[in-house]
file data.txt (compact mmCIF, C-alpha atoms)
# COMPACT_ATOMS: atom_id res chain seq x y z
CA MET A 1 14.95 25.37 10.98
CA THR A 2 12.90 27.66 13.23
CA LYS A 3 9.53 26.97 14.71
CA ALA A 4 7.07 29.33 16.35
CA ALA A 5 4.10 27.63 17.95
CA ARG A 6 1.43 28.21 20.57
CA LEU A 7 1.45 25.25 22.92
CA THR A 8 -1.16 23.89 25.27
CA THR A 9 -0.59 21.17 27.84
CA ASP A 10 -3.15 18.45 28.37
CA LYS A 11 -3.68 16.36 31.48
CA THR A 12 -1.02 13.86 30.38
CA GLY A 13 1.62 16.56 30.20
CA ILE A 14 2.02 16.27 26.45
CA LYS A 15 2.30 19.61 24.70
CA ALA A 16 -0.05 20.06 21.76
CA VAL A 17 0.54 22.51 18.94
CA GLN A 18 -2.28 24.71 17.73
CA SER A 19 -0.23 26.72 15.27
CA LEU A 20 3.13 26.06 13.65
CA LYS A 21 5.33 28.25 11.50
CA VAL A 22 8.16 26.48 9.74
CA GLN A 23 11.05 27.73 7.63
CA SER A 24 12.58 24.66 6.03
CA SER A 25 13.11 23.07 2.64
CA LYS A 26 12.08 19.73 4.11
CA ILE A 27 8.52 18.53 3.66
CA GLN A 28 6.85 18.96 7.05
CA THR A 29 4.72 15.83 7.49
CA GLY A 30 2.08 14.71 9.96
CA LEU A 31 0.58 11.28 10.66
CA MET A 32 -3.10 10.97 11.53
CA SER A 33 -2.52 7.86 13.63
CA PHE A 34 0.23 5.70 15.11
CA GLY A 35 -1.13 2.17 14.82
CA MET A 36 0.61 -0.47 12.75
CA SER A 37 0.51 1.64 9.60
CA GLY A 38 2.11 4.66 11.26
CA LEU A 39 4.57 2.67 13.36
CA VAL A 40 5.73 0.24 10.66
CA PHE A 41 5.12 1.69 7.21
CA HIS A 42 5.25 5.48 7.45
CA ALA A 43 7.16 6.90 10.40
CA PRO A 44 10.44 4.99 9.78
CA PHE A 45 10.67 6.08 6.14
CA ILE A 46 9.66 9.70 6.79
CA HIS A 47 12.12 9.88 9.69
CA VAL A 48 15.17 8.65 7.75
CA HIS A 49 14.36 10.43 4.48
CA PRO A 50 16.60 13.53 4.13
CA GLN A 51 13.86 15.51 2.34
CA PHE A 52 11.12 14.97 4.94
CA GLU A 53 10.59 15.91 8.55
CA LEU A 54 8.30 13.88 10.78
CA THR A 55 6.76 16.96 12.36
CA ALA A 56 3.68 15.70 14.19
CA ILE A 57 1.85 12.49 15.10
CA CYS A 58 -1.74 12.26 16.27
CA GLU A 59 -2.22 9.92 19.25
CA ARG A 60 -5.50 10.43 21.06
CA THR A 61 -4.48 8.91 24.42
CA LYS A 62 -1.21 6.97 24.10
CA ASN A 63 2.37 8.19 23.83
CA LEU A 64 3.87 5.32 21.82
CA SER A 65 5.69 7.54 19.35
CA LYS A 66 7.61 9.64 21.92
CA PRO A 67 10.37 7.11 22.78
CA LEU A 68 11.02 6.55 19.07
CA TYR A 69 10.65 10.13 17.83
CA PRO A 70 11.24 12.45 20.80
CA ASN A 71 11.52 15.56 18.62
CA THR A 72 8.18 14.98 16.95
CA ILE A 73 5.17 16.87 18.28
CA THR A 74 2.31 14.81 19.72
CA VAL A 75 -1.20 16.11 19.11
CA ARG A 76 -4.40 14.71 20.57
CA SER A 77 -6.85 15.25 17.74
CA ILE A 78 -7.03 15.47 13.98
CA ASP A 79 -8.33 19.01 14.38
CA GLU A 80 -5.08 19.99 16.11
CA LEU A 81 -3.04 18.29 13.41
CA LEU A 82 -4.82 20.06 10.57
CA ALA A 83 -4.58 23.43 12.37
CA MET A 84 -0.77 23.41 12.18
CA ASP A 85 0.00 26.20 9.70
CA GLY A 86 3.43 24.96 8.64
CA LEU A 87 2.36 21.38 8.08
CA GLU A 88 2.62 20.71 4.34
CA LEU A 89 1.75 17.01 4.03
CA VAL A 90 -0.67 14.79 5.97
CA VAL A 91 -0.82 10.99 5.89
CA VAL A 92 -4.38 9.66 6.29
CA ASN A 93 -3.57 6.26 7.80
CA THR A 94 -6.79 5.74 9.73
CA PRO A 95 -9.30 2.84 9.22
CA ASP A 96 -10.44 2.41 5.61
CA SER A 97 -14.00 3.56 6.26
CA THR A 98 -12.72 6.97 7.47
CA HIS A 99 -10.41 7.71 4.54
CA TYR A 100 -12.89 9.81 2.62
CA GLU A 101 -13.89 12.00 5.56
CA PHE A 102 -10.37 12.65 6.84
CA ALA A 103 -8.77 13.11 3.41
CA LYS A 104 -11.50 15.62 2.57
CA ARG A 105 -10.84 17.54 5.79
CA ALA A 106 -7.09 17.56 5.15
CA LEU A 107 -7.54 18.88 1.61
CA GLU A 108 -9.97 21.54 2.83
CA ALA A 109 -7.30 22.57 5.34
CA GLY A 110 -4.90 23.15 2.46
CA LYS A 111 -2.66 20.12 3.03
CA HIS A 112 -1.16 17.78 0.47
CA VAL A 113 -2.45 14.28 1.25
CA ILE A 114 -1.23 10.68 1.20
CA VAL A 115 -4.10 8.24 1.76
CA GLU A 116 -3.36 4.71 2.91
CA LYS A 117 -4.45 2.00 0.51
CA PRO A 118 -6.99 1.05 -0.71
CA PHE A 119 -7.78 4.81 -1.10
CA THR A 120 -11.58 5.04 -0.62
CA ILE A 121 -14.41 2.52 -0.27
CA THR A 122 -16.31 3.70 -3.37
CA VAL A 123 -15.39 5.16 -6.73
CA ALA A 124 -17.74 8.08 -6.06
CA GLU A 125 -15.79 9.01 -2.92
CA GLY A 126 -12.52 8.79 -4.80
CA GLU A 127 -13.77 10.97 -7.64
CA ALA A 128 -15.00 13.61 -5.18
CA LEU A 129 -11.59 13.76 -3.46
CA ILE A 130 -9.76 13.97 -6.79
CA GLU A 131 -11.96 16.87 -7.87
CA LEU A 132 -11.41 18.66 -4.54
CA ALA A 133 -7.62 18.23 -4.73
CA ARG A 134 -7.58 19.42 -8.34
CA GLY A 135 -9.59 22.51 -7.46
CA LYS A 136 -7.18 23.40 -4.67
CA ASN A 137 -4.06 22.49 -6.66
CA LEU A 138 -3.02 19.98 -4.00
CA MET A 139 -1.33 16.59 -4.30
CA LEU A 140 -3.49 13.56 -3.54
CA CYS A 141 -1.86 10.15 -3.72
CA VAL A 142 -2.30 6.63 -2.38
CA PHE A 143 0.20 4.61 -0.37
CA GLN A 144 0.58 1.63 -2.67
CA ASN A 145 3.96 0.73 -1.22
CA ARG A 146 4.03 -2.79 -2.63
CA ARG A 147 5.00 -1.44 -6.01
CA TRP A 148 8.41 -1.34 -4.31
CA ASP A 149 8.41 -4.99 -3.14
CA ALA A 150 11.47 -6.98 -4.18
CA ASP A 151 9.39 -9.79 -5.69
CA PHE A 152 7.12 -7.44 -7.65
CA LEU A 153 10.07 -5.46 -9.04
CA THR A 154 11.65 -8.76 -10.12
CA VAL A 155 8.46 -9.94 -11.81
CA ARG A 156 8.22 -6.61 -13.61
CA GLU A 157 11.79 -6.96 -14.87
CA ILE A 158 11.18 -10.53 -16.10
CA ILE A 159 8.06 -9.45 -17.99
CA GLU A 160 9.59 -6.30 -19.50
CA THR A 161 12.70 -8.15 -20.70
CA GLY A 162 10.68 -10.98 -22.25
CA LYS A 163 12.56 -13.74 -20.47
CA LEU A 164 9.55 -16.08 -20.58
CA GLY A 165 8.61 -15.36 -24.17
CA LYS A 166 4.99 -14.34 -24.65
CA LEU A 167 3.38 -14.26 -21.21
CA VAL A 168 0.22 -16.37 -21.09
CA GLU A 169 -0.58 -16.87 -17.40
CA PHE A 170 -0.06 -14.76 -14.26
CA GLU A 171 -0.94 -15.76 -10.69
CA SER A 172 -0.46 -13.51 -7.66
CA VAL A 173 -1.28 -14.73 -4.14
CA PHE A 174 -1.15 -13.33 -0.62
CA ALA A 175 -1.38 -16.35 1.70
CA ARG A 176 -2.29 -15.81 5.35
CA TYR A 177 -3.26 -18.09 8.22
CA ARG A 178 -5.46 -16.61 10.93
CA ASN A 179 -8.03 -19.16 12.00
CA GLU A 180 -9.22 -17.13 15.00
CA VAL A 181 -11.16 -13.89 14.59
CA PRO A 182 -9.42 -11.11 16.59
CA VAL A 183 -11.76 -8.68 18.32
CA LYS A 184 -9.32 -5.82 18.91
CA THR A 185 -8.69 -4.74 15.33
CA TRP A 186 -10.87 -2.63 13.05
CA LYS A 187 -9.79 -4.85 10.14
CA GLU A 188 -12.11 -7.57 11.49
CA LEU A 189 -15.15 -5.32 12.03
CA GLU A 190 -18.09 -5.47 9.67
CA GLY A 191 -18.33 -2.26 7.68
CA SER A 192 -14.69 -1.37 8.30
CA GLY A 193 -12.57 -4.41 7.49
CA SER A 194 -12.29 -6.43 4.29
CA LEU A 195 -9.58 -8.73 2.96
CA THR A 196 -10.47 -7.70 -0.59
CA TYR A 197 -9.99 -4.01 0.14
CA ASN A 198 -6.92 -4.68 2.31
CA LEU A 199 -4.66 -7.19 0.56
CA GLY A 200 -6.73 -7.33 -2.61
CA SER A 201 -6.03 -3.67 -3.34
CA HIS A 202 -2.29 -4.45 -3.41
CA LEU A 203 -2.67 -7.37 -5.82
CA ILE A 204 -4.99 -5.42 -8.12
CA ASP A 205 -2.76 -2.33 -8.09
CA GLN A 206 0.30 -4.40 -9.00
CA CYS A 207 -1.65 -6.05 -11.80
CA LEU A 208 -2.81 -2.70 -13.21
CA THR A 209 0.80 -1.47 -13.09
CA LEU A 210 1.98 -4.46 -15.10
CA PHE A 211 -0.85 -4.97 -17.56
CA GLY A 212 -3.15 -1.94 -17.62
CA LYS A 213 -6.90 -1.77 -17.03
CA PRO A 214 -9.01 -4.90 -17.65
CA GLU A 215 -12.22 -5.15 -19.65
CA ALA A 216 -13.98 -7.44 -17.20
CA VAL A 217 -13.81 -9.19 -13.84
CA PHE A 218 -14.99 -12.54 -12.51
CA ALA A 219 -14.68 -13.06 -8.75
CA ASP A 220 -15.61 -15.26 -5.82
CA ILE A 221 -15.51 -13.44 -2.47
CA ALA A 222 -16.48 -15.33 0.68
CA ARG A 223 -16.42 -15.65 4.46
CA LEU A 224 -14.78 -18.98 5.32
CA ARG A 225 -13.87 -18.72 9.02
CA ASP A 226 -16.44 -19.42 11.70
CA HIS A 227 -17.94 -16.23 13.14
CA THR A 228 -16.04 -13.89 10.85
CA LEU A 229 -17.68 -10.53 10.13
CA ILE A 230 -15.69 -9.76 6.99
CA ASP A 231 -14.78 -11.35 3.68
CA ASP A 232 -11.67 -13.45 4.38
CA TYR A 233 -11.22 -15.13 1.00
CA PHE A 234 -11.22 -14.00 -2.60
CA ILE A 235 -10.21 -15.20 -6.03
CA ILE A 236 -10.38 -12.65 -8.82
CA HIS A 237 -9.87 -13.20 -12.55
CA LEU A 238 -9.18 -10.23 -14.82
CA PHE A 239 -9.81 -10.32 -18.57
CA GLY A 240 -8.75 -8.21 -21.54
CA CYS A 241 -6.10 -6.02 -19.93
CA GLU A 242 -4.92 -3.10 -22.07
CA ARG A 243 -1.32 -4.17 -22.62
CA PHE A 244 -1.79 -7.97 -22.39
CA PRO A 245 -5.35 -8.66 -23.58
CA ASP A 246 -4.96 -12.45 -23.86
CA ILE A 247 -3.18 -13.22 -20.59
CA LYS A 248 -4.94 -15.35 -17.96
CA ILE A 249 -4.79 -13.49 -14.63
CA THR A 250 -5.61 -14.92 -11.19
CA LEU A 251 -5.42 -12.95 -7.93
CA LYS A 252 -6.05 -14.77 -4.66
CA SER A 253 -5.86 -14.38 -0.90
CA GLY A 254 -7.31 -16.06 2.17
CA PHE A 255 -6.92 -16.37 5.93
CA LEU A 256 -6.97 -20.18 5.93
CA MET A 257 -3.83 -20.89 3.92
CA ARG A 258 -1.61 -22.55 6.51
CA GLU A 259 0.63 -23.94 3.78
CA PRO A 260 1.20 -20.93 1.54
CA GLU A 261 0.98 -21.11 -2.21
CA PRO A 262 3.71 -19.39 -4.25
CA ARG A 263 3.60 -15.61 -4.15
CA PHE A 264 3.93 -15.37 -7.94
CA VAL A 265 3.62 -17.90 -10.76
CA LEU A 266 4.29 -16.78 -14.34
CA HIS A 267 4.04 -18.97 -17.43
CA GLY A 268 5.07 -17.96 -20.93
CA THR A 269 5.70 -19.55 -24.30
CA SER A 270 9.40 -19.98 -23.46
CA GLY A 271 9.33 -20.79 -19.78
CA SER A 272 8.13 -20.19 -16.24
CA TYR A 273 9.04 -18.25 -13.09
CA VAL A 274 7.91 -19.18 -9.55
CA LYS A 275 8.53 -17.05 -6.47
CA ARG A 276 7.85 -18.27 -2.93
CA GLY A 277 7.85 -16.20 0.21
CA VAL A 278 7.06 -12.50 0.51
CA ASP A 279 9.05 -9.28 0.47
CA LYS A 280 10.97 -9.07 3.77
CA GLN A 281 10.56 -5.35 4.48
CA GLU A 282 7.38 -5.65 6.57
CA GLU A 283 8.92 -8.35 8.75
CA LEU A 284 12.06 -6.26 9.29
CA LEU A 285 10.07 -3.13 10.11
CA LYS A 286 7.89 -4.98 12.63
CA ALA A 287 11.08 -6.18 14.32
CA GLY A 288 12.20 -2.56 14.70
CA ALA A 289 14.76 -2.39 11.88
CA VAL A 290 15.50 1.04 10.43
CA PRO A 291 15.34 1.33 6.60
CA ASP A 292 18.63 3.18 6.15
CA THR A 293 21.18 0.43 5.48
CA PRO A 294 22.83 -0.35 2.10
CA ASP A 295 21.44 -3.89 2.12
CA TRP A 296 17.86 -2.85 3.00
CA GLY A 297 15.34 -4.99 1.11
CA VAL A 298 18.00 -7.25 -0.43
CA GLU A 299 17.02 -10.92 -0.60
CA THR A 300 19.43 -13.78 -0.02
CA GLU A 301 19.98 -16.33 -2.77
CA GLU A 302 17.83 -18.77 -0.78
CA GLU A 303 14.93 -16.35 -1.09
CA TRP A 304 15.23 -15.80 -4.84
CA GLY A 305 12.63 -17.25 -7.18
CA GLU A 306 13.16 -20.08 -9.67
CA ILE A 307 13.24 -19.62 -13.43
CA ASN A 308 13.09 -22.29 -16.14
CA THR A 309 13.18 -20.86 -19.63
CA VAL A 310 15.02 -20.63 -22.94
CA ILE A 311 16.63 -17.37 -24.10
CA ASP A 312 18.10 -17.12 -27.64
CA GLY A 313 18.10 -20.91 -27.85
CA LYS A 314 19.99 -21.35 -24.57
CA PRO A 315 18.34 -22.89 -21.49
CA LEU A 316 18.24 -20.87 -18.27
CA ARG A 317 17.23 -22.77 -15.18
CA GLY A 318 17.78 -22.13 -11.46
CA LYS A 319 17.70 -19.25 -9.02
CA TYR A 320 16.91 -15.83 -10.46
CA ARG A 321 18.35 -12.85 -8.58
CA SER A 322 15.71 -10.65 -6.95
CA GLN A 323 15.64 -6.90 -7.32
CA ARG A 324 16.16 -4.83 -4.18
CA GLY A 325 12.93 -3.84 -2.50
CA ASP A 326 12.68 -0.44 -0.84
CA TYR A 327 9.54 1.45 0.18
CA THR A 328 11.66 4.60 0.30
CA GLY A 329 10.89 4.77 -3.42
CA PHE A 330 7.34 5.82 -2.57
CA TYR A 331 8.49 8.81 -0.56
CA ASP A 332 11.11 9.64 -3.20
CA SER A 333 8.27 9.94 -5.71
CA VAL A 334 6.26 12.20 -3.36
CA TYR A 335 9.29 14.47 -2.92
CA GLN A 336 9.82 14.67 -6.68
CA ARG A 337 6.16 15.57 -7.17
CA LEU A 338 6.04 18.28 -4.50
CA ARG A 339 9.44 19.88 -5.11
CA ASN A 340 10.11 19.23 -8.80
CA GLY A 341 6.64 18.73 -10.29
CA GLN A 342 7.39 15.22 -11.53
CA PRO A 343 4.55 12.79 -12.40
CA LEU A 344 3.39 10.71 -9.45
CA PRO A 345 2.98 6.97 -10.16
CA THR A 346 0.56 6.47 -7.26
CA SER A 347 -1.57 9.55 -7.81
CA ALA A 348 -5.21 9.17 -6.82
CA GLU A 349 -6.19 9.27 -10.49
CA ASN A 350 -3.86 6.34 -11.24
CA VAL A 351 -5.06 4.28 -8.27
CA LEU A 352 -8.81 4.91 -8.60
CA PRO A 353 -9.25 2.04 -11.14
CA THR A 354 -8.31 -0.34 -8.30
CA ILE A 355 -11.46 0.72 -6.42
CA ARG A 356 -13.50 0.35 -9.60
CA ILE A 357 -12.25 -3.23 -9.98
CA ILE A 358 -12.98 -4.04 -6.31
CA GLU A 359 -16.55 -2.78 -6.74
CA ALA A 360 -16.89 -4.90 -9.88
CA ALA A 361 -15.44 -7.93 -8.05
CA PHE A 362 -18.07 -7.73 -5.29
CA GLU A 363 -20.80 -7.35 -7.91
CA SER A 364 -19.43 -10.34 -9.82
CA SER A 365 -19.35 -12.46 -6.67
CA ARG A 366 -22.96 -11.55 -5.82
CA LYS A 367 -24.23 -12.24 -9.34
CA ARG A 368 -21.94 -15.21 -10.06
CA ALA A 369 -21.24 -13.55 -13.37
CA VAL A 370 -18.58 -11.74 -15.37
CA VAL A 371 -18.84 -7.99 -14.84
CA LYS A 372 -17.49 -5.36 -17.20
CA CYS A 373 -15.37 -2.61 -15.67

call {"tool": "encode", "arguments": {"input": "data.txt", "output": "structure tokens"}}
result
Amino acid sequence: MTKAARLTTDKTGIKAVQSLKVQSSKIQTGLMSFGMSGLVFHAPFIHVHPQFELTAICERTKNLSKPLYPNTITVRSIDELLAMDGLELVVVNTPDSTHYEFAKRALEAGKHVIVEKPFTITVAEGEALIELARGKNLMLCVFQNRRWDADFLTVREIIETGKLGKLVEFESVFARYRNEVPVKTWKELEGSGSLTYNLGSHLIDQCLTLFGKPEAVFADIARLRDHTLIDDYFIIHLFGCERFPDIKITLKSGFLMREPEPRFVLHGTSGSYVKRGVDKQEELLKAGAVPDTPDWGVETEEEWGEINTVIDGKPLRGKYRSQRGDYTGFYDSVYQRLRNGQPLPTSAENVLPTIRIIEAAFESSRKRAVVKC
């Protein structure tokens, strides 16, 4: 690979690139920020993926990425990042309220774009970005990485193979305990943070993947902690989903769940499946693990869920082996889209219904009524 770039040096001594020419079959990728999202969920997978190159990271004042990725260029502004001629793909992993503005700027600069979940704050913003990307023939997708969680992949297998008979009830919960209200995170700021947009977008996206779009929503969204500025609790019921119109669906999360409820509970006419604990990838990544080992995302037997059902007249009860979780699957799908034109499961068009459901959930909570989607 060859690079030709005009460099400037700022007062910290970091060299910033204003123009970049690249000759490589790898997808040259830039991150708009290096907070938790960049450090934990994006940089490790881009770095180890043979079809991607982690070309540039935007850090306004810090140099946290340099010890980990010394060959990656540090830029000091989003303008610098978007001015890099050879940069093909940009990850918009900034606070939720900025997604629309920065994704729009990246598309206007001619870059393919990955937007962190939840995508945008409103459906109107999402539709405008989709139209812009379509007009420029650029990829626009959403980082819904939890489609590649071990527990979700296992639930999907159980449903698709009919191991519980006719599915009648589905519960999905993200349990958190954070009694204090941190002041140094945008996720706790009014107008920027929201548990429903943050964790709720994952639960809704997984549900849409399994069951299709719902007819209606009934939700209760609240602020339960003292002095909180954001919604920190929700329970959402979805009705009349396309592929399972009669199933009873409950999605729930809260910051005051010191004793966590099961992650998944499924009931069918033949049996039940209960999964406790969460996919281990986030915990491993936060501890500095690199996602390039053969056993990455593999759960131990202790971590497997429990099944109690009857298949072909024979009882099946006990631990049920979990599928292997691996967020690399997201970047595999991006590569297949950009290099081979394959359909993208997390395209903006496919993820936009999640934002529509979130809007309906807030309306339902305000009105204390069922709202059609």

call {"tool": "axis_aligned_box", "arguments": {"input": "data.txt", "around": "region 245-262 of chain A", "padding_each_side": "5 Å", "output": "JSON"}}
result
{"center_x": -1.8, "center_y": -16.3, "center_z": -8.7, "size_x": 21.0, "size_y": 25.3, "size_z": 40.4}

call {"tool": "atom_distance", "arguments": {"input": "data.txt", "atom1": "CA of Asp96 (chain A)", "atom2": "CA of Thr154 (chain A)"}}
result
29.3 Å

call {"tool": "residues_near_point", "arguments": {"input": "data.txt", "point": "(3.4, -2.4, 8.0)", "cutoff": "10 Å", "atoms": "all atoms listed in the file", "output": "number ranges by chain"}}
result
A: 35-42, 145, 281-286

call {"tool": "write_last_selection", "arguments": {"input": "data.txt", "atoms": "C-alpha atoms", "output": "tab-separated table (two decimals), keeping the file's coordinate frame"}}
result
chain	number	residue	atom	x	y	z
A	35	GLY	CA	-1.13	2.17	14.82
A	36	MET	CA	0.61	-0.47	12.75
A	37	SER	CA	0.51	1.64	9.60
A	38	GLY	CA	2.11	4.66	11.26
A	39	LEU	CA	4.57	2.67	13.36
A	40	VAL	CA	5.73	0.24	10.66
A	41	PHE	CA	5.12	1.69	7.21
A	42	HIS	CA	5.25	5.48	7.45
A	145	ASN	CA	3.96	0.73	-1.22
A	281	GLN	CA	10.56	-5.35	4.48
A	282	GLU	CA	7.38	-5.65	6.57
A	283	GLU	CA	8.92	-8.35	8.75
A	284	LEU	CA	12.06	-6.26	9.29
A	285	LEU	CA	10.07	-3.13	10.11
A	286	LYS	CA	7.89	-4.98	12.63

call {"tool": "residues_near_point", "arguments": {"input": "data.txt", "point": "(-0.1, 19.9, 12.9)", "cutoff": "10 Å", "atoms": "only C-alpha atoms", "output": "ChimeraX atom specification"}}
result
/A:16-20,28-32,55-58,73-75,77-90

call {"tool": "atom_distance", "arguments": {"input": "data.txt", "atom1": "CA of Asn137 (chain A)", "atom2": "CA of Thr122 (chain A)"}}
result
22.7 Å

call {"tool": "residues_around", "arguments": {"input": "data.txt", "residues": "region 343-352 of chain A", "least_positions_apart": "4", "cutoff": "6 Å", "atoms": "only C-alpha atoms", "output": "PDB file with C-alpha atoms, keeping the file's coordinate frame"}}
result
ATOM      1  CA  LEU A 140      -3.490  13.560  -3.540  1.00  0.00           C
ATOM      2  CA  CYS A 141      -1.860  10.150  -3.720  1.00  0.00           C
ATOM      3  CA  VAL A 142      -2.300   6.630  -2.380  1.00  0.00           C
TER       4      VAL A 142
END

call {"tool": "closest_residue", "arguments": {"input": "data.txt", "among": "A:Glu242, A:Ser322, A:Arg176, A:Ala289", "to": "Met257 (chain A)", "atoms": "all atoms listed in the file"}}
result
A:Arg176

call {"tool": "residues_around", "arguments": {"input": "data.txt", "residues": "region 228-230 of chain A", "least_positions_apart": "3", "cutoff": "9 Å", "atoms": "only C-alpha atoms", "output": "list in words"}}
result
Glu180, Val181, Lys187, Glu188, Leu189, Glu190, Gly191, Ser192, Gly193, Ser194, Leu195, Ala222, Arg223, Leu224 and Arg225 of chain A

call {"tool": "residues_around", "arguments": {"input": "data.txt", "residues": "Asp151 (chain A)", "least_positions_apart": "4", "cutoff": "9 Å", "atoms": "only C-alpha atoms", "output": "JSON, numbers by chain"}}
result
{"A": [155, 156, 263, 264, 275, 277, 278, 279, 304, 305, 322, 323, 324, 325]}

call {"tool": "atom_distance", "arguments": {"input": "data.txt", "atom1": "CA of Phe234 (chain A)", "atom2": "CA of Glu127 (chain A)"}}
result
25.6 Å

call {"tool": "closest_residue", "arguments": {"input": "data.txt", "among": "A:Phe218, A:Tyr327, A:Tyr197, A:Tyr177", "to": "Pro260 (chain A)", "atoms": "only C-alpha atoms"}}
result
A:Tyr177

call {"tool": "residues_around", "arguments": {"input": "data.txt", "residues": "region 166-168 of chain A", "least_positions_apart": "5", "cutoff": "10 Å", "atoms": "only C-alpha atoms", "output": "JSON, numbers by chain"}}
result
{"A": [159, 244, 245, 246, 247, 248, 249, 266, 267, 268, 269, 270, 271, 272]}
